[in-house]
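Peer 1: Take this structure first; my questions come after.
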Amino acid sequence: ATESLADYPELVTLPCYEWQHVLVLPHGHPLAQKERIGIDDIAHEPLITYHPSFTGRGKIDAAFAARRLQPRIVLEAIDSDVIKTYVRLGLGIGIVAEMAVQGDAGGDLVARPLGQLLGHNVARIALKRSAYLRDFVYHFASLLSDRLDKALILKAMSGQPHDYEL
C-alpha cells in the first residue's frame with residue numbers, strides 16, 4: 001500500500017520502495033512538447049487520475065491545494081490501464097503511478113515524471129502483527145525490497161514500529 005496504514009496498530013508496515021506519479025499524454029498534446037511542466041499547466045487541462053482512496057491520490061490533491069488550484073478532474077479510476085485508455089481516447093491527460101508506464105517505451109503515450117511537483121511516495125508492505133508468517137511470505141517481501149529480510153521482519157513483528165531501521 002502507499003496510503004497511510006499508521007492508524008492500524010494491529011499491522012506492522014515496512015517500506016519497500018519509493019515511486020512517483022507521472023503525467024501521461026498523447027504525443028501530439030502541447031504539454032508533451034514542453035520541457036518543464038508546472039502544476040498550473042496541469043490544472044488547466046481535463047484530468048484523468050486515480051480515485052481518492054487509491055495510489056497516492058492524496059499527494060496529487062495536496063499539490064494542487066498548496067497552490068490554491070482546483071484540478072479539472074473529468075474521470076477517476078482505480079486502474080491505471082483505464083486511465084491510459086481514456087487518455088488515448090482524447091478525454092484528457094492522465095496522472096498514474098510510474099510503474100504503470102514501465103515497459104511502454106515507444107508507445108502512443110508520452111510520460112513525464114511529476115515527482116518534483118507532487119512529491120515521492122513510499123510503497124509499504126503490511127503484515128498482521130500477531131500472524132505466524134510462512135517462509136514464502138518472507139521470500140515475497142524480499143522480492144519487493146532487497147532490504148526486507150526475515151531477520152528484519154521478525155524484529156519488526158515482535159517490537160514497536162520504531163524498533164527497526166531501513
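If you're wondering about the labels, chains in the C-alpha cells are A, B, ... by order shown, residues count from 1 in each chain, ligands from 1 in order shown.
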Region 29-163 of chain A: which residues are alpha helix (DSSP H) by DSSP, as a PyMOL selection string?
Peer 2: chain A and resi 30-33+39-43+57-66+80-88+115-118+135-144+150-158
Peer 1: Using only C-alpha atoms, find each residue of region 93-158 of chain A with at least one atom at most 6 Å away from an atom of region 5-29 of chain A; report its shortest atom-to-atom pair and that distance in Å (one decimal), sort the rows by chain and rising residue number, and return the result as JSON lines.
Peer 2:
```
{"residue": "A:Ile93", "atom": "CA", "partner": "A:Leu25", "partner_atom": "CA", "distance": 5.2}
{"residue": "A:Gly94", "atom": "CA", "partner": "A:Val24", "partner_atom": "CA", "distance": 5.0}
{"residue": "A:Ile95", "atom": "CA", "partner": "A:Leu23", "partner_atom": "CA", "distance": 4.6}
{"residue": "A:Val96", "atom": "CA", "partner": "A:His21", "partner_atom": "CA", "distance": 5.5}
{"residue": "A:Ala97", "atom": "CA", "partner": "A:His21", "partner_atom": "CA", "distance": 4.4}
{"residue": "A:Glu98", "atom": "CA", "partner": "A:His21", "partner_atom": "CA", "distance": 5.4}
{"residue": "A:Leu109", "atom": "CA", "partner": "A:Pro26", "partner_atom": "CA", "distance": 4.7}
{"residue": "A:Val110", "atom": "CA", "partner": "A:Leu25", "partner_atom": "CA", "distance": 5.2}
{"residue": "A:Ala111", "atom": "CA", "partner": "A:Val24", "partner_atom": "CA", "distance": 4.6}
{"residue": "A:Arg112", "atom": "CA", "partner": "A:Leu23", "partner_atom": "CA", "distance": 5.0}
{"residue": "A:Pro113", "atom": "CA", "partner": "A:Val22", "partner_atom": "CA", "distance": 4.4}
{"residue": "A:Leu114", "atom": "CA", "partner": "A:Val22", "partner_atom": "CA", "distance": 5.1}
{"residue": "A:Gly115", "atom": "CA", "partner": "A:Gln20", "partner_atom": "CA", "distance": 5.2}
{"residue": "A:His120", "atom": "CA", "partner": "A:Gln20", "partner_atom": "CA", "distance": 4.8}
{"residue": "A:Asn121", "atom": "CA", "partner": "A:Trp19", "partner_atom": "CA", "distance": 5.3}
{"residue": "A:Val122", "atom": "CA", "partner": "A:Glu18", "partner_atom": "CA", "distance": 4.5}
{"residue": "A:Ala123", "atom": "CA", "partner": "A:Tyr17", "partner_atom": "CA", "distance": 5.5}
{"residue": "A:Arg124", "atom": "CA", "partner": "A:Pro15", "partner_atom": "CA", "distance": 4.3}
{"residue": "A:Ile125", "atom": "CA", "partner": "A:Leu14", "partner_atom": "CA", "distance": 5.4}
{"residue": "A:Ala126", "atom": "CA", "partner": "A:Thr13", "partner_atom": "CA", "distance": 4.3}
{"residue": "A:Leu127", "atom": "CA", "partner": "A:Val12", "partner_atom": "CA", "distance": 5.2}
{"residue": "A:Lys128", "atom": "CA", "partner": "A:Leu11", "partner_atom": "CA", "distance": 4.6}
{"residue": "A:Arg129", "atom": "CA", "partner": "A:Leu11", "partner_atom": "CA", "distance": 5.2}
{"residue": "A:Leu144", "atom": "CA", "partner": "A:Cys16", "partner_atom": "CA", "distance": 6.0}
{"residue": "A:Ser145", "atom": "CA", "partner": "A:Cys16", "partner_atom": "CA", "distance": 5.0}
```
Peer 1: Do you have the CA of His44 (chain A)-CA of Gly107 (chain A) distance handy?
Peer 2: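 Going from CA of His44 (chain A) over to CA of Gly107 (chain A), I get 25.0 Å.
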Peer 1: For CA of Leu75 (chain A) and CA of Arg57 (chain A), quote the distance in Å rounded to one decimal.
Peer 2: 13.0 Å
Peer 1: Which residue out of A:Ala62, A:Pro71, A:Leu154, A:Pro30 has the minimum interatomic distance to Ala43 (chain A) when only C-alpha atoms are used?
Peer 2: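 Looking at the shortest contact to Ala43 (chain A), the residue is A:Pro71.
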Peer 1: So what do you get for CA of Leu117 (chain A) versus CA of Leu148 (chain A), distance-wise?
Peer 2: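 Going from CA of Leu117 (chain A) over to CA of Leu148 (chain A), I get 29.2 Å.
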Peer 1: May I have the residues within 12 Å of Leu91 (chain A) as a list in words, using only C-alpha atoms and disregarding those fewer than 5 positions away in the same chain?
Peer 2: Leu25, Pro26, His29, Glu45, Pro46, Leu47, Ile48, Thr49, Arg72, Ile73, Val74, Leu75, Glu76, Val82, Ile83, Lys84, Thr85 and Tyr86 of chain A
Peer 1: Write out the residues from the selection above, keeping N, CA and C atoms, as a PDB file, in the first residue's frame.
Peer 2:
```pdb
ATOM      1  N   LEU A  25       0.361  11.619 -21.621  1.00  0.00           N
ATOM      2  CA  LEU A  25      -0.306  12.431 -22.639  1.00  0.00           C
ATOM      3  C   LEU A  25      -0.083  11.817 -24.005  1.00  0.00           C
ATOM      4  N   PRO A  26      -0.976  12.102 -24.943  1.00  0.00           N
ATOM      5  CA  PRO A  26      -0.715  11.686 -26.324  1.00  0.00           C
ATOM      6  C   PRO A  26       0.490  12.456 -26.874  1.00  0.00           C
ATOM      7  N   HIS A  29       0.002  16.172 -27.918  1.00  0.00           N
ATOM      8  CA  HIS A  29      -0.513  17.152 -26.956  1.00  0.00           C
ATOM      9  C   HIS A  29       0.517  18.268 -26.745  1.00  0.00           C
ATOM     10  N   GLU A  45      -6.042  21.613 -17.662  1.00  0.00           N
ATOM     11  CA  GLU A  45      -6.385  20.524 -18.590  1.00  0.00           C
ATOM     12  C   GLU A  45      -7.422  19.589 -17.953  1.00  0.00           C
ATOM     13  N   PRO A  46      -8.252  18.950 -18.780  1.00  0.00           N
ATOM     14  CA  PRO A  46      -9.111  17.896 -18.240  1.00  0.00           C
ATOM     15  C   PRO A  46      -8.207  16.753 -17.755  1.00  0.00           C
ATOM     16  N   LEU A  47      -8.414  16.317 -16.525  1.00  0.00           N
ATOM     17  CA  LEU A  47      -7.504  15.379 -15.880  1.00  0.00           C
ATOM     18  C   LEU A  47      -8.197  14.061 -15.559  1.00  0.00           C
ATOM     19  N   ILE A  48      -7.490  12.993 -15.823  1.00  0.00           N
ATOM     20  CA  ILE A  48      -7.960  11.645 -15.510  1.00  0.00           C
ATOM     21  C   ILE A  48      -6.946  11.063 -14.533  1.00  0.00           C
ATOM     22  N   THR A  49      -7.400  10.662 -13.369  1.00  0.00           N
ATOM     23  CA  THR A  49      -6.477  10.123 -12.383  1.00  0.00           C
ATOM     24  C   THR A  49      -7.189   9.148 -11.454  1.00  0.00           C
ATOM     25  N   ARG A  72      -9.172  20.046 -12.877  1.00  0.00           N
ATOM     26  CA  ARG A  72     -10.394  19.734 -13.642  1.00  0.00           C
ATOM     27  C   ARG A  72     -10.468  18.227 -13.860  1.00  0.00           C
ATOM     28  N   ILE A  73     -10.829  17.498 -12.830  1.00  0.00           N
ATOM     29  CA  ILE A  73     -10.872  16.038 -12.923  1.00  0.00           C
ATOM     30  C   ILE A  73     -12.151  15.621 -13.636  1.00  0.00           C
ATOM     31  N   VAL A  74     -11.969  14.961 -14.780  1.00  0.00           N
ATOM     32  CA  VAL A  74     -13.110  14.531 -15.583  1.00  0.00           C
ATOM     33  C   VAL A  74     -13.422  13.055 -15.373  1.00  0.00           C
ATOM     34  N   LEU A  75     -12.467  12.315 -14.829  1.00  0.00           N
ATOM     35  CA  LEU A  75     -12.684  10.896 -14.592  1.00  0.00           C
ATOM     36  C   LEU A  75     -11.731  10.416 -13.512  1.00  0.00           C
ATOM     37  N   GLU A  76     -12.268   9.598 -12.597  1.00  0.00           N
ATOM     38  CA  GLU A  76     -11.461   8.952 -11.578  1.00  0.00           C
ATOM     39  C   GLU A  76     -11.581   7.452 -11.771  1.00  0.00           C
ATOM     40  N   VAL A  82      -7.120   1.800 -17.234  1.00  0.00           N
ATOM     41  CA  VAL A  82      -8.337   2.553 -17.566  1.00  0.00           C
ATOM     42  C   VAL A  82      -7.969   4.016 -17.823  1.00  0.00           C
ATOM     43  N   ILE A  83      -7.140   4.575 -16.959  1.00  0.00           N
ATOM     44  CA  ILE A  83      -6.713   5.971 -17.129  1.00  0.00           C
ATOM     45  C   ILE A  83      -6.010   6.149 -18.465  1.00  0.00           C
ATOM     46  N   LYS A  84      -5.055   5.271 -18.783  1.00  0.00           N
ATOM     47  CA  LYS A  84      -4.315   5.389 -20.041  1.00  0.00           C
ATOM     48  C   LYS A  84      -5.231   5.208 -21.250  1.00  0.00           C
ATOM     49  N   THR A  85      -6.218   4.335 -21.148  1.00  0.00           N
ATOM     50  CA  THR A  85      -7.154   4.131 -22.255  1.00  0.00           C
ATOM     51  C   THR A  85      -7.935   5.407 -22.542  1.00  0.00           C
ATOM     52  N   TYR A  86      -8.422   6.072 -21.498  1.00  0.00           N
ATOM     53  CA  TYR A  86      -9.182   7.300 -21.707  1.00  0.00           C
ATOM     54  C   TYR A  86      -8.297   8.446 -22.182  1.00  0.00           C
TER      55      TYR A  86
END
```
